[in-house]
file target16.pdb (PDB, N, CA and C atoms)
ATOM      1  N   MET S   1      54.768  99.045  74.348
ATOM      2  CA  MET S   1      55.814 100.030  74.132
ATOM      3  C   MET S   1      56.209 100.696  75.445
ATOM      4  N   THR S   2      55.249 101.072  76.245
ATOM      5  CA  THR S   2      55.533 101.710  77.521
ATOM      6  C   THR S   2      56.251 100.743  78.446
ATOM      7  N   MET S   3      55.879  99.482  78.439
ATOM      8  CA  MET S   3      56.521  98.485  79.286
ATOM      9  C   MET S   3      57.995  98.320  78.901
ATOM     10  N   ALA S   4      58.284  98.290  77.616
ATOM     11  CA  ALA S   4      59.665  98.155  77.160
ATOM     12  C   ALA S   4      60.491  99.368  77.569
ATOM     13  N   LEU S   5      59.909 100.547  77.503
ATOM     14  CA  LEU S   5      60.608 101.759  77.902
ATOM     15  C   LEU S   5      60.884 101.749  79.398
ATOM     16  N   ASN S   6      59.925 101.271  80.192
ATOM     17  CA  ASN S   6      60.110 101.190  81.636
ATOM     18  C   ASN S   6      61.230 100.223  82.009
ATOM     19  N   VAL S   7      61.399  99.180  81.248
ATOM     20  CA  VAL S   7      62.447  98.204  81.521
ATOM     21  C   VAL S   7      63.815  98.766  81.126
ATOM     22  N   ARG S   8      63.877  99.487  80.034
ATOM     23  CA  ARG S   8      65.150 100.013  79.536
ATOM     24  C   ARG S   8      65.613 101.284  80.258
ATOM     25  N   MET S   9      64.680 102.027  80.814
ATOM     26  CA  MET S   9      65.025 103.321  81.403
ATOM     27  C   MET S   9      66.121 103.224  82.475
ATOM     28  N   PRO S  10      66.051 102.290  83.426
ATOM     29  CA  PRO S  10      67.142 102.218  84.417
ATOM     30  C   PRO S  10      68.509 101.959  83.776
ATOM     31  N   ALA S  11      68.531 101.125  82.766
ATOM     32  CA  ALA S  11      69.795 100.842  82.090
ATOM     33  C   ALA S  11      70.313 102.083  81.380
ATOM     34  N   ILE S  12      69.424 102.832  80.769
ATOM     35  CA  ILE S  12      69.818 104.065  80.083
ATOM     36  C   ILE S  12      70.354 105.078  81.087
ATOM     37  N   ILE S  13      69.696 105.202  82.218
ATOM     38  CA  ILE S  13      70.130 106.146  83.246
ATOM     39  C   ILE S  13      71.499 105.762  83.795
ATOM     40  N   VAL S  14      71.708 104.492  84.069
ATOM     41  CA  VAL S  14      72.997 104.031  84.580
ATOM     42  C   VAL S  14      74.096 104.291  83.556
ATOM     43  N   PHE S  15      73.848 103.958  82.314
ATOM     44  CA  PHE S  15      74.849 104.174  81.266
ATOM     45  C   PHE S  15      75.185 105.658  81.124
ATOM     46  N   ALA S  16      74.172 106.499  81.104
ATOM     47  CA  ALA S  16      74.401 107.944  80.973
ATOM     48  C   ALA S  16      75.163 108.486  82.171
ATOM     49  N   SER S  17      74.860 108.008  83.350
ATOM     50  CA  SER S  17      75.558 108.458  84.554
ATOM     51  C   SER S  17      77.028 108.071  84.515
ATOM     52  N   LEU S  18      77.304 106.856  84.100
ATOM     53  CA  LEU S  18      78.695 106.405  83.999
ATOM     54  C   LEU S  18      79.466 107.200  82.948
ATOM     55  N   ALA S  19      78.817 107.478  81.838
ATOM     56  CA  ALA S  19      79.475 108.251  80.784
ATOM     57  C   ALA S  19      79.790 109.659  81.264
ATOM     58  N   LEU S  20      78.859 110.279  81.949
ATOM     59  CA  LEU S  20      79.087 111.621  82.471
ATOM     60  C   LEU S  20      80.167 111.626  83.548
ATOM     61  N   ALA S  21      80.171 110.623  84.402
ATOM     62  CA  ALA S  21      81.177 110.548  85.463
ATOM     63  C   ALA S  21      82.570 110.392  84.872
ATOM     64  N   ALA S  22      82.682 109.619  83.820
ATOM     65  CA  ALA S  22      83.984 109.419  83.186
ATOM     66  C   ALA S  22      84.498 110.721  82.576
ATOM     67  N   CYS S  23      83.632 111.470  81.952
ATOM     68  CA  CYS S  23      84.045 112.735  81.342
ATOM     69  C   CYS S  23      84.361 113.789  82.396
ATOM     70  N   ALA S  24      83.530 113.874  83.391
ATOM     71  CA  ALA S  24      83.687 114.906  84.414
ATOM     72  C   ALA S  24      84.841 114.598  85.354
ATOM     73  N   GLY S  25      85.265 113.352  85.413
ATOM     74  CA  GLY S  25      86.249 112.968  86.405
ATOM     75  C   GLY S  25      87.697 113.205  86.041
ATOM     76  N   ALA S  26      88.007 113.424  84.787
ATOM     77  CA  ALA S  26      89.412 113.578  84.388
ATOM     78  C   ALA S  26      89.998 114.838  85.024
ATOM     79  N   PRO S  27      91.136 114.704  85.699
ATOM     80  CA  PRO S  27      91.733 115.839  86.418
ATOM     81  C   PRO S  27      92.582 116.732  85.505
ATOM     82  N   VAL S  28      91.940 117.310  84.517
ATOM     83  CA  VAL S  28      92.651 118.117  83.521
ATOM     84  C   VAL S  28      93.362 119.301  84.163
ATOM     85  N   GLN S  29      92.652 120.033  85.013
ATOM     86  CA  GLN S  29      93.256 121.217  85.632
ATOM     87  C   GLN S  29      94.409 120.848  86.558
ATOM     88  N   GLU S  30      94.243 119.783  87.319
ATOM     89  CA  GLU S  30      95.298 119.357  88.244
ATOM     90  C   GLU S  30      96.561 118.951  87.487
ATOM     91  N   MET S  31      96.370 118.273  86.359
ATOM     92  CA  MET S  31      97.521 117.865  85.543
ATOM     93  C   MET S  31      98.247 119.100  84.998
ATOM     94  N   SER S  32      97.479 120.061  84.517
ATOM     95  CA  SER S  32      98.062 121.292  84.003
ATOM     96  C   SER S  32      98.814 122.052  85.099
ATOM     97  N   ASN S  33      98.208 122.135  86.273
ATOM     98  CA  ASN S  33      98.858 122.820  87.387
ATOM     99  C   ASN S  33     100.187 122.164  87.746
ATOM    100  N   ALA S  34     100.212 120.840  87.756
ATOM    101  CA  ALA S  34     101.447 120.117  88.090
ATOM    102  C   ALA S  34     102.527 120.380  87.047
ATOM    103  N   ARG S  35     102.157 120.339  85.768
ATOM    104  CA  ARG S  35     103.139 120.591  84.702
ATOM    105  C   ARG S  35     103.703 122.006  84.800
ATOM    106  N   GLN S  36     102.830 122.970  85.055
ATOM    107  CA  GLN S  36     103.274 124.364  85.162
ATOM    108  C   GLN S  36     104.188 124.562  86.370
ATOM    109  N   ALA S  37     103.854 123.923  87.481
ATOM    110  CA  ALA S  37     104.679 124.049  88.687
ATOM    111  C   ALA S  37     106.059 123.447  88.468
ATOM    112  N   ILE S  38     106.119 122.311  87.794
ATOM    113  CA  ILE S  38     107.411 121.676  87.499
ATOM    114  C   ILE S  38     108.224 122.563  86.556
ATOM    115  N   ARG S  39     107.566 123.118  85.558
ATOM    116  CA  ARG S  39     108.260 124.010  84.624
ATOM    117  C   ARG S  39     108.810 125.238  85.353
ATOM    118  N   ALA S  40     108.008 125.815  86.242
ATOM    119  CA  ALA S  40     108.450 126.991  87.001
ATOM    120  C   ALA S  40     109.644 126.647  87.895
ATOM    121  N   ALA S  41     109.600 125.475  88.517
ATOM    122  CA  ALA S  41     110.715 125.048  89.374
ATOM    123  C   ALA S  41     111.983 124.865  88.552
ATOM    124  N   ARG S  42     111.854 124.237  87.392
ATOM    125  CA  ARG S  42     113.012 124.053  86.510
ATOM    126  C   ARG S  42     113.587 125.399  86.079
ATOM    127  N   ASP S  43     112.683 126.297  85.666
ATOM    128  CA  ASP S  43     113.110 127.615  85.200
ATOM    129  C   ASP S  43     113.819 128.404  86.300
ATOM    130  N   ALA S  44     113.464 128.139  87.545
ATOM    131  CA  ALA S  44     114.071 128.848  88.678
ATOM    132  C   ALA S  44     115.386 128.218  89.127
ATOM    133  N   GLY S  45     115.755 127.091  88.519
ATOM    134  CA  GLY S  45     117.028 126.466  88.853
ATOM    135  C   GLY S  45     116.937 125.336  89.863
ATOM    136  N   ALA S  46     115.766 124.726  89.986
ATOM    137  CA  ALA S  46     115.593 123.649  90.958
ATOM    138  C   ALA S  46     116.411 122.407  90.620
ATOM    139  N   GLU S  47     116.816 122.262  89.370
ATOM    140  CA  GLU S  47     117.642 121.099  89.008
ATOM    141  C   GLU S  47     118.957 121.098  89.781
ATOM    142  N   LYS S  48     119.449 122.285  90.100
ATOM    143  CA  LYS S  48     120.684 122.396  90.884
ATOM    144  C   LYS S  48     120.395 122.606  92.361
ATOM    145  N   ALA S  49     119.402 123.426  92.665
ATOM    146  CA  ALA S  49     119.131 123.803  94.056
ATOM    147  C   ALA S  49     118.367 122.735  94.834
ATOM    148  N   ALA S  50     117.498 121.992  94.156
ATOM    149  CA  ALA S  50     116.665 120.988  94.837
ATOM    150  C   ALA S  50     116.387 119.815  93.901
ATOM    151  N   PRO S  51     117.447 119.131  93.458
ATOM    152  CA  PRO S  51     117.247 118.063  92.468
ATOM    153  C   PRO S  51     116.371 116.918  92.960
ATOM    154  N   GLN S  52     116.476 116.581  94.239
ATOM    155  CA  GLN S  52     115.669 115.481  94.786
ATOM    156  C   GLN S  52     114.180 115.823  94.740
ATOM    157  N   LYS S  53     113.836 117.018  95.164
ATOM    158  CA  LYS S  53     112.429 117.432  95.170
ATOM    159  C   LYS S  53     111.881 117.528  93.754
ATOM    160  N   LEU S  54     112.659 118.070  92.846
ATOM    161  CA  LEU S  54     112.225 118.174  91.458
ATOM    162  C   LEU S  54     112.030 116.790  90.850
ATOM    163  N   SER S  55     112.952 115.893  91.140
ATOM    164  CA  SER S  55     112.850 114.525  90.645
ATOM    165  C   SER S  55     111.590 113.824  91.181
ATOM    166  N   GLU S  56     111.297 114.045  92.462
ATOM    167  CA  GLU S  56     110.089 113.462  93.043
ATOM    168  C   GLU S  56     108.840 114.028  92.383
ATOM    169  N   ALA S  57     108.836 115.325  92.114
ATOM    170  CA  ALA S  57     107.691 115.954  91.444
ATOM    171  C   ALA S  57     107.491 115.349  90.059
ATOM    172  N   GLU S  58     108.579 115.171  89.321
ATOM    173  CA  GLU S  58     108.492 114.596  87.981
ATOM    174  C   GLU S  58     107.995 113.155  88.024
ATOM    175  N   ALA S  59     108.455 112.383  89.009
ATOM    176  CA  ALA S  59     108.007 110.994  89.150
ATOM    177  C   ALA S  59     106.518 110.937  89.474
ATOM    178  N   LEU S  60     106.061 111.835  90.331
ATOM    179  CA  LEU S  60     104.638 111.887  90.664
ATOM    180  C   LEU S  60     103.799 112.262  89.447
ATOM    181  N   LEU S  61     104.297 113.163  88.628
ATOM    182  CA  LEU S  61     103.574 113.537  87.411
ATOM    183  C   LEU S  61     103.485 112.355  86.443
ATOM    184  N   ILE S  62     104.560 111.604  86.332
ATOM    185  CA  ILE S  62     104.536 110.410  85.472
ATOM    186  C   ILE S  62     103.488 109.417  85.978
ATOM    187  N   ARG S  63     103.449 109.228  87.297
ATOM    188  CA  ARG S  63     102.425 108.347  87.876
ATOM    189  C   ARG S  63     101.030 108.869  87.568
ATOM    190  N   ALA S  64     100.850 110.177  87.675
ATOM    191  CA  ALA S  64      99.543 110.768  87.383
ATOM    192  C   ALA S  64      99.159 110.537  85.924
ATOM    193  N   GLU S  65     100.119 110.699  85.023
ATOM    194  CA  GLU S  65      99.840 110.471  83.606
ATOM    195  C   GLU S  65      99.478 109.012  83.338
ATOM    196  N   ASP S  66     100.189 108.093  83.986
ATOM    197  CA  ASP S  66      99.872 106.669  83.834
ATOM    198  C   ASP S  66      98.468 106.368  84.355
ATOM    199  N   SER S  67      98.132 106.942  85.491
ATOM    200  CA  SER S  67      96.799 106.742  86.068
ATOM    201  C   SER S  67      95.724 107.314  85.151
ATOM    202  N   LEU S  68      96.007 108.458  84.573
ATOM    203  CA  LEU S  68      95.060 109.083  83.660
ATOM    204  C   LEU S  68      94.799 108.189  82.453
ATOM    205  N   GLU S  69      95.848 107.587  81.925
ATOM    206  CA  GLU S  69      95.692 106.672  80.788
ATOM    207  C   GLU S  69      94.826 105.472  81.143
ATOM    208  N   ARG S  70      94.934 105.025  82.401
ATOM    209  CA  ARG S  70      94.120 103.882  82.857
ATOM    210  C   ARG S  70      92.727 104.311  83.307
ATOM    211  N   ARG S  71      92.454 105.609  83.215
ATOM    212  CA  ARG S  71      91.184 106.195  83.656
ATOM    213  C   ARG S  71      90.960 106.043  85.153
ATOM    214  N   ALA S  72      92.052 105.958  85.896
ATOM    215  CA  ALA S  72      92.009 105.943  87.360
ATOM    216  C   ALA S  72      92.108 107.398  87.804
ATOM    217  N   TYR S  73      91.010 108.123  87.639
ATOM    218  CA  TYR S  73      91.023 109.572  87.791
ATOM    219  C   TYR S  73      91.309 110.040  89.213
ATOM    220  N   GLY S  74      90.814 109.330  90.199
ATOM    221  CA  GLY S  74      91.084 109.713  91.579
ATOM    222  C   GLY S  74      92.568 109.620  91.892
ATOM    223  N   GLU S  75      93.172 108.539  91.470
ATOM    224  CA  GLU S  75      94.615 108.339  91.663
ATOM    225  C   GLU S  75      95.412 109.381  90.882
ATOM    226  N   ALA S  76      94.984 109.656  89.659
ATOM    227  CA  ALA S  76      95.658 110.662  88.839
ATOM    228  C   ALA S  76      95.587 112.034  89.505
ATOM    229  N   ARG S  77      94.426 112.357  90.049
ATOM    230  CA  ARG S  77      94.248 113.650  90.718
ATOM    231  C   ARG S  77      95.171 113.769  91.938
ATOM    232  N   ARG S  78      95.218 112.722  92.750
ATOM    233  CA  ARG S  78      96.078 112.739  93.945
ATOM    234  C   ARG S  78      97.547 112.900  93.571
ATOM    235  N   ASN S  79      97.988 112.150  92.570
ATOM    236  CA  ASN S  79      99.388 112.230  92.157
ATOM    237  C   ASN S  79      99.718 113.579  91.525
ATOM    238  N   ALA S  80      98.781 114.138  90.765
ATOM    239  CA  ALA S  80      99.015 115.445  90.153
ATOM    240  C   ALA S  80      99.127 116.527  91.225
ATOM    241  N   LYS S  81      98.265 116.470  92.223
ATOM    242  CA  LYS S  81      98.342 117.450  93.315
ATOM    243  C   LYS S  81      99.640 117.283  94.107
ATOM    244  N   ALA S  82     100.043 116.049  94.338
ATOM    245  CA  ALA S  82     101.296 115.797  95.054
ATOM    246  C   ALA S  82     102.484 116.292  94.227
ATOM    247  N   ALA S  83     102.431 116.106  92.910
ATOM    248  CA  ALA S  83     103.499 116.596  92.032
ATOM    249  C   ALA S  83     103.574 118.110  92.082
ATOM    250  N   ARG S  84     102.425 118.770  92.052
ATOM    251  CA  ARG S  84     102.390 120.232  92.142
ATOM    252  C   ARG S  84     102.997 120.713  93.463
ATOM    253  N   ASP S  85     102.619 120.051  94.557
ATOM    254  CA  ASP S  85     103.132 120.443  95.873
ATOM    255  C   ASP S  85     104.640 120.238  95.979
ATOM    256  N   LYS S  86     105.110 119.117  95.468
ATOM    257  CA  LYS S  86     106.548 118.835  95.515
ATOM    258  C   LYS S  86     107.320 119.812  94.622
ATOM    259  N   ALA S  87     106.748 120.164  93.483
ATOM    260  CA  ALA S  87     107.380 121.147  92.609
ATOM    261  C   ALA S  87     107.430 122.516  93.282
ATOM    262  N   ALA S  88     106.391 122.842  94.042
ATOM    263  CA  ALA S  88     106.383 124.111  94.779
ATOM    264  C   ALA S  88     107.488 124.122  95.832
ATOM    265  N   GLU S  89     107.721 122.988  96.466
ATOM    266  CA  GLU S  89     108.835 122.886  97.424
ATOM    267  C   GLU S  89     110.170 123.099  96.704
ATOM    268  N   ALA S  90     110.314 122.492  95.545
ATOM    269  CA  ALA S  90     111.549 122.644  94.772
ATOM    270  C   ALA S  90     111.727 124.093  94.340
ATOM    271  N   LEU S  91     110.641 124.718  93.936
ATOM    272  CA  LEU S  91     110.696 126.122  93.544
ATOM    273  C   LEU S  91     111.123 126.993  94.722
ATOM    274  N   GLY S  92     110.558 126.718  95.879
ATOM    275  CA  GLY S  92     110.922 127.471  97.075
ATOM    276  C   GLY S  92     112.397 127.325  97.421
ATOM    277  N   ALA S  93     112.913 126.140  97.228
ATOM    278  CA  ALA S  93     114.328 125.891  97.521
ATOM    279  C   ALA S  93     115.229 126.554  96.486
ATOM    280  N   ALA S  94     114.722 126.761  95.295
ATOM    281  CA  ALA S  94     115.529 127.330  94.220
ATOM    282  C   ALA S  94     115.525 128.855  94.219
ATOM    283  N   LYS S  95     114.596 129.452  94.927
ATOM    284  CA  LYS S  95     114.516 130.917  94.938
ATOM    285  C   LYS S  95     115.719 131.503  95.671
ATOM    286  N   PRO S  96     116.208 132.622  95.187
ATOM    287  CA  PRO S  96     117.347 133.282  95.858
ATOM    288  C   PRO S  96     117.021 133.575  97.322
ATOM    289  N   GLY S  97     117.982 133.292  98.181
ATOM    290  CA  GLY S  97     117.798 133.533  99.606
ATOM    291  C   GLY S  97     117.133 132.411 100.346
ATOM    292  N   SER S  98     116.763 131.330  99.646
ATOM    293  CA  SER S  98     116.117 130.196 100.293
ATOM    294  C   SER S  98     117.169 129.339 100.983
ATOM    295  N   SER S  99     116.828 128.840 102.155
ATOM    296  CA  SER S  99     117.781 128.001 102.907
ATOM    297  C   SER S  99     117.350 126.544 102.943
ATOM    298  N   THR S 100     116.255 126.195 102.238
ATOM    299  CA  THR S 100     115.795 124.804 102.208
ATOM    300  C   THR S 100     116.357 124.119 100.985
ATOM    301  N   GLY S 101     116.306 122.787 100.986
ATOM    302  CA  GLY S 101     116.774 122.091  99.789
ATOM    303  C   GLY S 101     116.967 120.711 100.116
TER     304      GLY S 101
END
call {"tool": "encode", "arguments": {"input": "target16.pdb", "output": "structure tokens"}}
result
Amino acid sequence: MTMALNVRMPAIIVFASLALAACAGAPVQEMSNARQAIRAARDAGAEKAAPQKLSEAEALLIRAEDSLERRAYGEARRNAKAARDKAAEALGAAKPGSSTG
């Protein structure tokens, strides 16, 4: 019995580690931040003031969502952060008195 447990233990540890990594790796907060930033940019009028930047942010978010579905969490995280940053640029361009766009 002890011998069988010793043989199975590494496999159990590897499986548990992979399961935990998969759960812990999903970029839930980054995805939420990107969605909120895009919404804020839209609400501020970025569709007119900075349509290119807003469009890029939306495209990056779509890529992040696709990556998330494929469980490519690192890629999803990078795209979500890039979407948030691009949305922040669009928001900045849409704010009154802004000269960027």
call {"tool": "resolve_selection", "arguments": {"input": "target16.pdb", "expression": "the PyMOL selection byres (((chain S and resi 38-49 and name CA) around 6) and name CA)", "output": "list in words"}}
result
Arg35, Gln36, Ala37, Ala50, Pro51, Ala87, Ala90, Leu91 and Ala94 of chain S
call {"tool": "atom_distance", "arguments": {"input": "target16.pdb", "atom1": "atom CA of S:Arg84", "atom2": "atom CA of S:Asn33"}}
result
6.5 Å
call {"tool": "axis_aligned_box", "arguments": {"input": "target16.pdb", "around": "stretch 80-84 of chain S", "padding_each_side": "4 Å", "output": "JSON"}}
result
{"center_x": 100.9, "center_y": 117.4, "center_z": 92.6, "size_x": 13.3, "size_y": 14.6, "size_z": 12.9}
call {"tool": "residues_around", "arguments": {"input": "target16.pdb", "residues": "S:Ala34", "least_positions_apart": "5", "cutoff": "8 Å", "atoms": "only N, CA and C atoms", "output": "ChimeraX atom specification"}}
result
/S:28-29,39-40,57,61,79-85,87
call {"tool": "resolve_selection", "arguments": {"input": "target16.pdb", "expression": "the PyMOL selection byres ((chain S and resi 27) around 8)", "output": "count of residues only"}}
result
17
call {"tool": "atom_distance", "arguments": {"input": "target16.pdb", "atom1": "atom N of S:Ala88", "atom2": "atom C of S:Glu75"}}
result
17.7 Å
call {"tool": "atom_distance", "arguments": {"input": "target16.pdb", "atom1": "atom C of S:Pro96", "atom2": "atom CA of S:Gln52"}}
result
18.3 Å
